[in-house]
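Visitor: Sharing a structure with you now.
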Amino acid sequence: GWAEAVVAATEANHAAINPLLAAALALPGILPAAALAQSMPDQGIFSVNYLDYRDWQPGADRMSVKSPSFYVLAPFADKWTFEGSVVYDAMSGASPLYFNTLSGASGTGITEYRTAGDAKFTRYFDHYSVGVGGAYSHERDYISRAGSLDVRWWTAVHNTTFAFGLAGNADYIHPAARELDNGRRHTLDFLAGVTQNLSPVDIVQSNITYSTGHGYYADPYKLIDARPGERRVWAWLTRYNHRFAQPDATLQLGYRYLNDSFGGDSHAFDVAWVQSLPGNVALTPSFRYYTQGAADFFFGPPFPQGFQSGQSYTADTRLSAFGAMTAGIKLSKLLADGWSIDVSFDFYRQRPGWRAFGAGSDGIEPFSARWFAAGVSKAF
């Protein structure tokens with residue numbers, strides 16, 4: 001649950017940083033945001049953003065995250081663009097230990113910091129572009145390095161764009177509380193996608209990604225947590241936008257299906273309405289429904305029911321079966337001289353009984369989260 005809420009909050013934050021990244025953030029790795037750009041951008045963008053996130057369960061606060069971030073897109077040398085972002089996360093509180101028990105219940109709590117950044121160079125040609133990127137993330141007990149390559153090709157009339165991508169991650173987990181024999185994990189991600197203009201007011205985008213990895217996947221801070229050493233994930237993401245001349249608005253629809261070798265397929269449904277208002281203002285209400293099944297090795301209460309030495313086992317409720325809903329509202333305003341501002345608020349609620357396509361996990365309390373995001377951007 002915490003992971004799904006943070007993913008949703010991260011999508012909201014990075015969508016404010018750079019709309020071109022929003023499509024890829026729901027997928028594994030740092031693959032490109034599909035085929036959204038059919039030609040080289042003619043201006044640059046600089047953004048400063050701030051995210052404030054908090055979650056809780058009945059009778060107890062859990063994690064809070066405060067996250068300032070920066071993003072820049074800069075064309076140069078006629079055929080090149082540079083994109084880069086930096087984010088700093090300050091996390092504190094109590095993370096889930098198992099079922100409804102928190103790791104910070106003793107009063108010591110958890111404090112963590114994350115600094116992350118990414119950079120990408122893209123070369124544009126007449127009908128295609130090639131981009132090369134890298135990313136780095138550092139916490140006190142976790143380091144991640146990643147690289148990516150993407151190729152985008154569009155038709156002569158610029159109504160169809162194909163995207164192909166490859167990314168690799170190398171992660172190193174080194175918890176302070178214990179020594180790991182091998183805390184390393186390596187992942188390869190592949191993407192193929194298409195964006196199609198159906199009409200002057202309709203556009204559809206569809207991506208398929210495949211992720212394969214091996215290494216350490218268990219949570220070193222959870223009691224007797226043991227997970228498989230290999231993981232494979234298939235994901236299919238489709239988005240559709242329709243522009244209404246009257247009342248000067250855009251309907252945005254999205255669906256994502258994910259198949260995980262750990263078990264627990266998931267579905268996500270998104271809808272948003274972007275309403276233009278007088279004074280260069282846009283108001284965007286949104287709603288998201290998410291549902292997932294439990295991992296094959298998740299066992300519910302009482303702890304440690306189902307545990308067998310040498311077998312995969314977890315009591316982490318983030319791998320349980322549940323459903324979740326997110327409601328949000330965003331206000332954006334375009335100012336003079338290329339400036340713009342936006343603020344948003346989202347509320348997330350998760351319950352086992354809200355799961356679709358099957359029953360939810362028994363004995364798991366509801367989980368809630370909320371986040372605020374604000375940003376200032378300058379086009380140049």
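Within each chain, counting starts at residue 1; across the structure tokens, chains are named A, B, ... in the order shown, with ligands numbered 1 upward in that order.
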Would you write out, as CSV, a table of all residues in stretch 158-252 of chain A that have an atom no more than 9 Å from an atom of stretch 38-46 of chain A, listing for each the closest atom pair and the distance in Å to one decimal, considering only C-alpha atoms and ordering rows by chain and rising residue number?
Guide:
```
residue,atom,partner,partner_atom,distance
A:His158,CA,A:Gln38,CA,6.4
A:Asn159,CA,A:Gln38,CA,8.4
A:Thr160,CA,A:Gln38,CA,8.4
A:Thr161,CA,A:Gln38,CA,6.7
```
Visitor: Compile a residue-level contact table for stretch 220-308 of chain A against stretch 183-207 of chain A at a cut-off of 12 Å, reporting for every qualifying residue the shortest atom pair and its distance in Å to one decimal, with only C-alpha atoms counted, rows ordered by chain and ascending number, as CSV.
Guide:
```
residue,atom,partner,partner_atom,distance
A:Pro220,CA,A:Gly183,CA,9.3
A:Pro228,CA,A:Arg185,CA,11.8
A:Gly229,CA,A:Arg185,CA,8.8
A:Glu230,CA,A:Arg185,CA,9.2
A:Arg231,CA,A:Thr187,CA,8.8
A:Arg232,CA,A:Thr187,CA,9.3
A:Val233,CA,A:Asp189,CA,9.1
A:Trp234,CA,A:Phe190,CA,9.7
A:Ala235,CA,A:Asn207,CA,8.1
A:Trp236,CA,A:Asn207,CA,5.8
A:Leu237,CA,A:Asn207,CA,5.2
A:Thr238,CA,A:Ser206,CA,4.2
A:Arg239,CA,A:Gln205,CA,5.1
A:Tyr240,CA,A:Val204,CA,4.4
A:Asn241,CA,A:Ile203,CA,5.4
A:His242,CA,A:Asp202,CA,4.6
A:Arg243,CA,A:Val201,CA,4.9
A:Phe244,CA,A:Val201,CA,7.4
A:Ala245,CA,A:Val201,CA,8.6
A:Gln246,CA,A:Val201,CA,11.9
A:Asp248,CA,A:Val201,CA,11.4
A:Ala249,CA,A:Val201,CA,10.7
A:Thr250,CA,A:Val201,CA,9.0
A:Leu251,CA,A:Asp202,CA,9.7
A:Gln252,CA,A:Ile203,CA,9.9
A:Leu253,CA,A:Val204,CA,9.5
A:Gly254,CA,A:Gln205,CA,9.3
A:Tyr255,CA,A:Ser206,CA,9.5
A:Arg256,CA,A:Asn207,CA,9.5
A:Tyr257,CA,A:Asn207,CA,10.8
A:Leu258,CA,A:Asn207,CA,11.8
```
Visitor: Can you list, as a PyMOL selection string, all residues belonging to stretch 213-283 of chain A that DSSP tags as strand (DSSP E or B)?
Guide: chain A and resi 213-215+226+230-244+249-260+266-277+281-283
Visitor: Leaving out stretch 67-75 of chain A and any residue of its chain fewer than 2 positions from it, which residues lie within 6 Å of it when counting only C-alpha atoms, given as a PyMOL selection string?
Guide: chain A and resi 17+44-51+80-89
Visitor: Counting only C-alpha atoms, give me one row per residue of stretch 169-275 of chain A with an atom at most 9 Å from an atom of stretch 120-143 of chain A, showing the shortest contact pair and its distance in Å to one decimal, sorted by chain then residue number, as JSON lines.
Guide:
```
{"residue": "A:Asn169", "atom": "CA", "partner": "A:Ala135", "partner_atom": "CA", "distance": 9.0}
{"residue": "A:Ala170", "atom": "CA", "partner": "A:Ile143", "partner_atom": "CA", "distance": 8.3}
{"residue": "A:Asp171", "atom": "CA", "partner": "A:Ile143", "partner_atom": "CA", "distance": 5.7}
{"residue": "A:Tyr172", "atom": "CA", "partner": "A:Ile143", "partner_atom": "CA", "distance": 5.2}
{"residue": "A:Ile173", "atom": "CA", "partner": "A:Tyr142", "partner_atom": "CA", "distance": 4.7}
{"residue": "A:His174", "atom": "CA", "partner": "A:Asp141", "partner_atom": "CA", "distance": 4.8}
{"residue": "A:Pro175", "atom": "CA", "partner": "A:Asp141", "partner_atom": "CA", "distance": 4.9}
{"residue": "A:Ala176", "atom": "CA", "partner": "A:Asp141", "partner_atom": "CA", "distance": 6.6}
```
Visitor: Can those selected residues be exported to a file as an mmCIF file, in the first residue's frame so that it contains N, CA and C atoms?
Guide:
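Resulting contents of result_32.cif:
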```
data_model
loop_
_atom_site.group_PDB
_atom_site.id
_atom_site.type_symbol
_atom_site.label_atom_id
_atom_site.label_comp_id
_atom_site.auth_asym_id
_atom_site.auth_seq_id
_atom_site.Cartn_x
_atom_site.Cartn_y
_atom_site.Cartn_z
ATOM 1 N N ASN A 169 19.561 -1.283 -14.608
ATOM 2 C CA ASN A 169 19.747 -0.794 -13.245
ATOM 3 C C ASN A 169 20.698 -1.718 -12.493
ATOM 4 N N ALA A 170 21.573 -1.114 -11.696
ATOM 5 C CA ALA A 170 22.442 -1.855 -10.782
ATOM 6 C C ALA A 170 22.235 -1.270 -9.396
ATOM 7 N N ASP A 171 21.674 -2.054 -8.478
ATOM 8 C CA ASP A 171 21.333 -1.591 -7.140
ATOM 9 C C ASP A 171 22.177 -2.313 -6.098
ATOM 10 N N TYR A 172 22.512 -1.590 -5.049
ATOM 11 C CA TYR A 172 23.304 -2.154 -3.956
ATOM 12 C C TYR A 172 22.616 -1.821 -2.640
ATOM 13 N N ILE A 173 22.198 -2.869 -1.900
ATOM 14 C CA ILE A 173 21.517 -2.705 -0.615
ATOM 15 C C ILE A 173 22.492 -3.052 0.494
ATOM 16 N N HIS A 174 22.704 -2.122 1.418
ATOM 17 C CA HIS A 174 23.658 -2.366 2.519
ATOM 18 C C HIS A 174 23.077 -1.830 3.826
ATOM 19 N N PRO A 175 22.124 -2.552 4.442
ATOM 20 C CA PRO A 175 21.468 -2.075 5.662
ATOM 21 C C PRO A 175 22.441 -1.959 6.824
ATOM 22 N N ALA A 176 22.203 -0.948 7.658
ATOM 23 C CA ALA A 176 23.078 -0.737 8.813
ATOM 24 C C ALA A 176 22.864 -1.787 9.888
#
```
Visitor: Tell me which protein, DNA and RNA residues are within 8 Å of A:Asp225, counting only C-alpha atoms, leaving out same-chain ones fewer than 2 positions away, and put them as a count of residues only.
Guide: 10
Visitor: Of the residues A:Ser286, A:Gln311, A:Ser340, A:Gln292, which is the one nearest to A:Thr326, using only C-alpha atoms?
Guide: A:Ser286
Visitor: Would you mind telling me which residue in A:Leu331, A:Ala60, A:Val376, A:Leu180 lies nearest to A:Val281 when using only C-alpha atoms?
Guide: A:Leu331
Visitor: To one decimal in Å, tell me the separation between atom CA of A:Trp273 and atom CA of A:Arg370.
Guide: 20.3 Å
